[in-house]
file my_file.cif (mmCIF, C-alpha atoms)
data_data
#
loop_
_atom_site.group_PDB
_atom_site.id
_atom_site.type_symbol
_atom_site.label_atom_id
_atom_site.label_comp_id
_atom_site.auth_asym_id
_atom_site.auth_seq_id
_atom_site.Cartn_x
_atom_site.Cartn_y
_atom_site.Cartn_z
ATOM 1 C CA MET A 1 15.429 26.569 18.486
ATOM 2 C CA PRO A 2 12.888 23.689 18.597
ATOM 3 C CA SER A 3 13.208 21.019 15.939
ATOM 4 C CA SER A 4 10.371 20.408 13.501
ATOM 5 C CA PRO A 5 8.305 17.336 14.249
ATOM 6 C CA ILE A 6 8.824 14.465 11.835
ATOM 7 C CA PRO A 7 5.671 14.166 9.711
ATOM 8 C CA VAL A 8 3.683 10.981 10.206
ATOM 9 C CA PRO A 9 3.757 8.864 7.037
ATOM 10 C CA THR A 10 0.450 8.298 5.297
ATOM 11 C CA LEU A 11 -0.585 4.887 4.056
ATOM 12 C CA VAL A 12 -3.215 4.615 1.372
ATOM 13 C CA LEU A 13 -4.917 1.253 1.781
ATOM 14 C CA VAL A 14 -7.125 -0.162 -0.976
ATOM 15 C CA ASP A 15 -9.054 -3.372 -0.293
ATOM 16 C CA ASP A 16 -12.655 -4.263 -1.098
ATOM 17 C CA ASP A 17 -12.997 -6.638 1.882
ATOM 18 C CA VAL A 18 -14.563 -4.443 4.576
ATOM 19 C CA ALA A 19 -13.394 -6.601 7.494
ATOM 20 C CA LEU A 20 -9.809 -6.879 6.234
ATOM 21 C CA ARG A 21 -9.665 -3.184 5.346
ATOM 22 C CA SER A 22 -10.881 -2.215 8.826
ATOM 23 C CA ALA A 23 -8.501 -4.632 10.572
ATOM 24 C CA LEU A 24 -5.500 -3.480 8.520
ATOM 25 C CA LYS A 25 -6.365 0.184 9.039
ATOM 26 C CA PHE A 26 -6.562 -0.372 12.803
ATOM 27 C CA ALA A 27 -3.315 -2.373 12.930
ATOM 28 C CA LEU A 28 -1.398 0.123 10.787
ATOM 29 C CA GLU A 29 -2.645 3.055 12.865
ATOM 30 C CA LEU A 30 -1.344 1.229 15.955
ATOM 31 C CA GLU A 31 2.043 1.153 14.163
ATOM 32 C CA GLY A 32 1.898 4.958 14.076
ATOM 33 C CA TYR A 33 0.781 5.565 10.495
ATOM 34 C CA ARG A 34 -2.001 7.808 9.252
ATOM 35 C CA VAL A 35 -4.212 5.580 7.068
ATOM 36 C CA HIS A 36 -6.632 6.545 4.309
ATOM 37 C CA ALA A 37 -8.695 3.531 3.237
ATOM 38 C CA PHE A 38 -10.567 2.952 -0.007
ATOM 39 C CA ALA A 39 -12.729 0.092 -1.288
ATOM 40 C CA SER A 40 -11.720 0.236 -4.966
ATOM 41 C CA GLY A 41 -9.134 1.437 -7.417
ATOM 42 C CA GLU A 42 -11.671 3.861 -8.813
ATOM 43 C CA ASP A 43 -12.154 5.399 -5.342
ATOM 44 C CA LEU A 44 -8.374 5.709 -5.028
ATOM 45 C CA LEU A 45 -8.073 7.489 -8.364
ATOM 46 C CA ALA A 46 -10.884 9.916 -7.439
ATOM 47 C CA ALA A 47 -9.143 10.932 -4.185
ATOM 48 C CA GLU A 48 -6.699 13.744 -3.645
ATOM 49 C CA LEU A 49 -3.577 12.111 -2.225
ATOM 50 C CA PRO A 50 -0.917 13.728 -0.035
ATOM 51 C CA ALA A 51 2.108 14.923 -2.010
ATOM 52 C CA ALA A 52 4.839 13.308 0.106
ATOM 53 C CA ASN A 53 5.635 10.724 2.768
ATOM 54 C CA ILE A 54 3.051 8.288 1.415
ATOM 55 C CA CYS A 55 2.926 4.592 0.539
ATOM 56 C CA LEU A 56 0.197 2.675 -1.273
ATOM 57 C CA VAL A 57 -0.916 -0.722 0.038
ATOM 58 C CA VAL A 58 -3.188 -2.154 -2.639
ATOM 59 C CA ASP A 59 -5.006 -5.469 -2.947
ATOM 60 C CA GLU A 60 -4.670 -6.970 -6.429
ATOM 61 C CA ASN A 61 -8.133 -8.530 -6.605
ATOM 62 C CA LEU A 62 -10.478 -5.579 -6.578
ATOM 63 C CA PRO A 63 -13.843 -5.189 -8.292
ATOM 64 C CA GLY A 64 -13.362 -3.206 -11.475
ATOM 65 C CA MET A 65 -9.792 -1.978 -11.801
ATOM 66 C CA SER A 66 -7.129 -4.313 -10.370
ATOM 67 C CA GLY A 67 -4.569 -3.203 -7.811
ATOM 68 C CA LEU A 68 -1.666 -3.052 -10.294
ATOM 69 C CA ASP A 69 -3.864 -1.244 -12.825
ATOM 70 C CA SER A 70 -4.675 1.327 -10.114
ATOM 71 C CA VAL A 71 -0.975 1.867 -9.371
ATOM 72 C CA GLY A 72 -0.292 2.117 -13.104
ATOM 73 C CA ALA A 73 -3.019 4.736 -13.532
ATOM 74 C CA LEU A 74 -1.538 6.858 -10.717
ATOM 75 C CA ARG A 75 1.929 6.577 -12.229
ATOM 76 C CA ALA A 76 0.548 7.603 -15.618
ATOM 77 C CA ARG A 77 -0.525 10.821 -13.833
ATOM 78 C CA SER A 78 3.105 11.298 -12.673
ATOM 79 C CA GLN A 79 2.251 10.129 -9.141
ATOM 80 C CA ASP A 80 5.154 7.679 -8.844
ATOM 81 C CA LEU A 81 4.455 6.686 -5.249
ATOM 82 C CA PRO A 82 5.972 3.690 -3.487
ATOM 83 C CA ALA A 83 3.471 0.855 -3.544
ATOM 84 C CA LEU A 84 2.983 -2.642 -2.177
ATOM 85 C CA LEU A 85 0.647 -5.233 -3.634
ATOM 86 C CA ILE A 86 -1.154 -7.634 -1.309
ATOM 87 C CA THR A 87 -2.570 -10.799 -2.820
ATOM 88 C CA SER A 88 -2.875 -14.555 -2.433
ATOM 89 C CA HIS A 89 -1.082 -17.025 -4.665
ATOM 90 C CA PRO A 90 0.374 -14.632 -7.261
ATOM 91 C CA GLY A 91 1.179 -16.379 -10.525
ATOM 92 C CA PRO A 92 4.352 -15.869 -12.566
ATOM 93 C CA GLY A 93 2.694 -13.302 -14.851
ATOM 94 C CA LEU A 94 1.562 -11.134 -11.945
ATOM 95 C CA ARG A 95 4.969 -11.425 -10.273
ATOM 96 C CA GLN A 96 6.707 -10.353 -13.474
ATOM 97 C CA ARG A 97 4.364 -7.415 -14.045
ATOM 98 C CA ALA A 98 4.713 -6.247 -10.415
ATOM 99 C CA ARG A 99 8.516 -6.513 -10.637
ATOM 100 C CA ARG A 100 8.543 -4.399 -13.839
ATOM 101 C CA MET A 101 6.432 -1.784 -12.045
ATOM 102 C CA ARG A 102 8.697 -1.885 -8.940
ATOM 103 C CA VAL A 103 5.799 -3.008 -6.747
ATOM 104 C CA PRO A 104 6.781 -5.635 -4.165
ATOM 105 C CA ILE A 105 4.210 -8.333 -3.453
ATOM 106 C CA VAL A 106 3.273 -9.211 0.121
ATOM 107 C CA GLU A 107 1.375 -12.482 0.096
ATOM 108 C CA LYS A 108 -1.739 -13.127 2.126
ATOM 109 C CA PRO A 109 -2.442 -14.270 4.727
ATOM 110 C CA LEU A 110 -0.887 -11.295 6.513
ATOM 111 C CA ILE A 111 -0.111 -13.153 9.731
ATOM 112 C CA ASP A 112 3.300 -11.770 10.626
ATOM 113 C CA ASP A 113 5.128 -8.447 10.351
ATOM 114 C CA ARG A 114 6.034 -8.757 6.630
ATOM 115 C CA LEU A 115 3.616 -6.017 5.612
ATOM 116 C CA VAL A 116 4.958 -3.505 8.137
ATOM 117 C CA ARG A 117 8.574 -4.415 7.256
ATOM 118 C CA ASN A 118 7.833 -3.817 3.576
ATOM 119 C CA ILE A 119 6.057 -0.524 4.331
ATOM 120 C CA ARG A 120 9.053 0.698 6.373
ATOM 121 C CA CYS A 121 11.378 -0.250 3.512
ATOM 122 C CA ALA A 122 9.168 1.478 0.890
ATOM 123 C CA LEU A 123 9.127 4.664 2.989
ATOM 124 C CA GLY A 124 12.888 4.527 3.599
ATOM 125 C CA GLN A 125 12.401 4.059 7.337
ATOM 126 C CA PRO A 126 14.880 2.085 9.426
ATOM 127 C CA PRO A 127 13.821 -1.405 10.502
ATOM 128 C CA ALA A 128 12.015 -1.593 13.822
ATOM 129 C CA ALA A 129 14.218 -2.436 16.801
#

call {"tool": "encode", "arguments": {"input": "my_file.cif", "output": "structure tokens"}}
result
Amino acid sequence: MPSSPIPVPTLVLVDDDVALRSALKFALELEGYRVHAFASGEDLLAAELPAANICLVVDENLPGMSGLDSVGALRARSQDLPALLITSHPGPGLRQRARRMRVPIVEKPLIDDRLVRNIRCALGQPPAA
């Protein structure tokens, strides 16, 4: 009897910077993920998200609703998805709020494999060999 294929995890990327969003989407697809990209928290909240095997990667500094506010709004809808916050120079208040919400921060610039390592951890995947 053939085994079922392992479903490809879906990443939901939210960043208003078109160039960064495109580059991250490309890089994360090369890592084997399916990526849905949005420019704002409002766009994220208007979308129908997959029910399982999903991780949010959200920029904090978005026009309109912030990244953490977007995650909070999803969780208020009982969509308690694993999430990562990407930002530059997070202050103590943001760090504390993210910690309370169980949202790890990955600091920009994203020049090494920290983002992918954190995604793998959030999805419960083993570390890359």

call {"tool": "resolve_selection", "arguments": {"input": "my_file.cif", "expression": "the PyMOL selection byres ((chain A and resi 13) around 7)", "output": "list of chain:residue names"}}
result
A:Leu11, A:Val12, A:Val14, A:Asp15, A:Val35, A:His36, A:Ala37, A:Phe38, A:Leu56, A:Val57, A:Val58

call {"tool": "atom_distance", "arguments": {"input": "my_file.cif", "atom1": "CA of Pro9 in chain A", "atom2": "CA of Asn53 in chain A"}}
result
5.0 Å

call {"tool": "axis_aligned_box", "arguments": {"input": "my_file.cif", "around": "range 9-26 of chain A", "padding_each_side": "5 Å", "output": "AutoDock Vina command-line options"}}
result
--center_x -5.4 --center_y 1.0 --center_z 5.9 --size_x 28.3 --size_y 25.7 --size_z 23.9

call {"tool": "resolve_selection", "arguments": {"input": "my_file.cif", "expression": "the PyMOL selection byres ((chain A and resi 119) around 12)", "output": "PyMOL selection string"}}
result
chain A and resi 9-13+28+31-33+53-58+82-86+103-106+113-118+120-128

call {"tool": "closest_residue", "arguments": {"input": "my_file.cif", "among": "A:Leu44, A:Ala51, A:Pro90, A:Arg99", "to": "Ser78 in chain A", "atoms": "all atoms listed in the file"}}
result
A:Ala51

call {"tool": "closest_residue", "arguments": {"input": "my_file.cif", "among": "A:Arg97, A:Asn61, A:Ala46, A:Arg21", "to": "Leu74 in chain A", "atoms": "only C-alpha atoms"}}
result
A:Ala46

call {"tool": "resolve_selection", "arguments": {"input": "my_file.cif", "expression": "the PyMOL selection byres ((chain A and resi 87) around 6)", "output": "MDAnalysis selection string"}}
result
chainID A and resid 59:60 86 88 107:108

call {"tool": "closest_residue", "arguments": {"input": "my_file.cif", "among": "A:Asp69, A:Ala52, A:Leu94, A:Leu110", "to": "Leu20 in chain A", "atoms": "all atoms listed in the file"}}
result
A:Leu110

call {"tool": "closest_residue", "arguments": {"input": "my_file.cif", "among": "A:Arg34, A:Ser40, A:Leu49, A:Val8", "to": "Gln79 in chain A", "atoms": "all atoms listed in the file"}}
result
A:Leu49

call {"tool": "atom_distance", "arguments": {"input": "my_file.cif", "atom1": "CA of Glu42 in chain A", "atom2": "CA of Arg100 in chain A"}}
result
22.4 Å

call {"tool": "atom_distance", "arguments": {"input": "my_file.cif", "atom1": "CA of Asp80 in chain A", "atom2": "CA of Ala98 in chain A"}}
result
14.0 Å
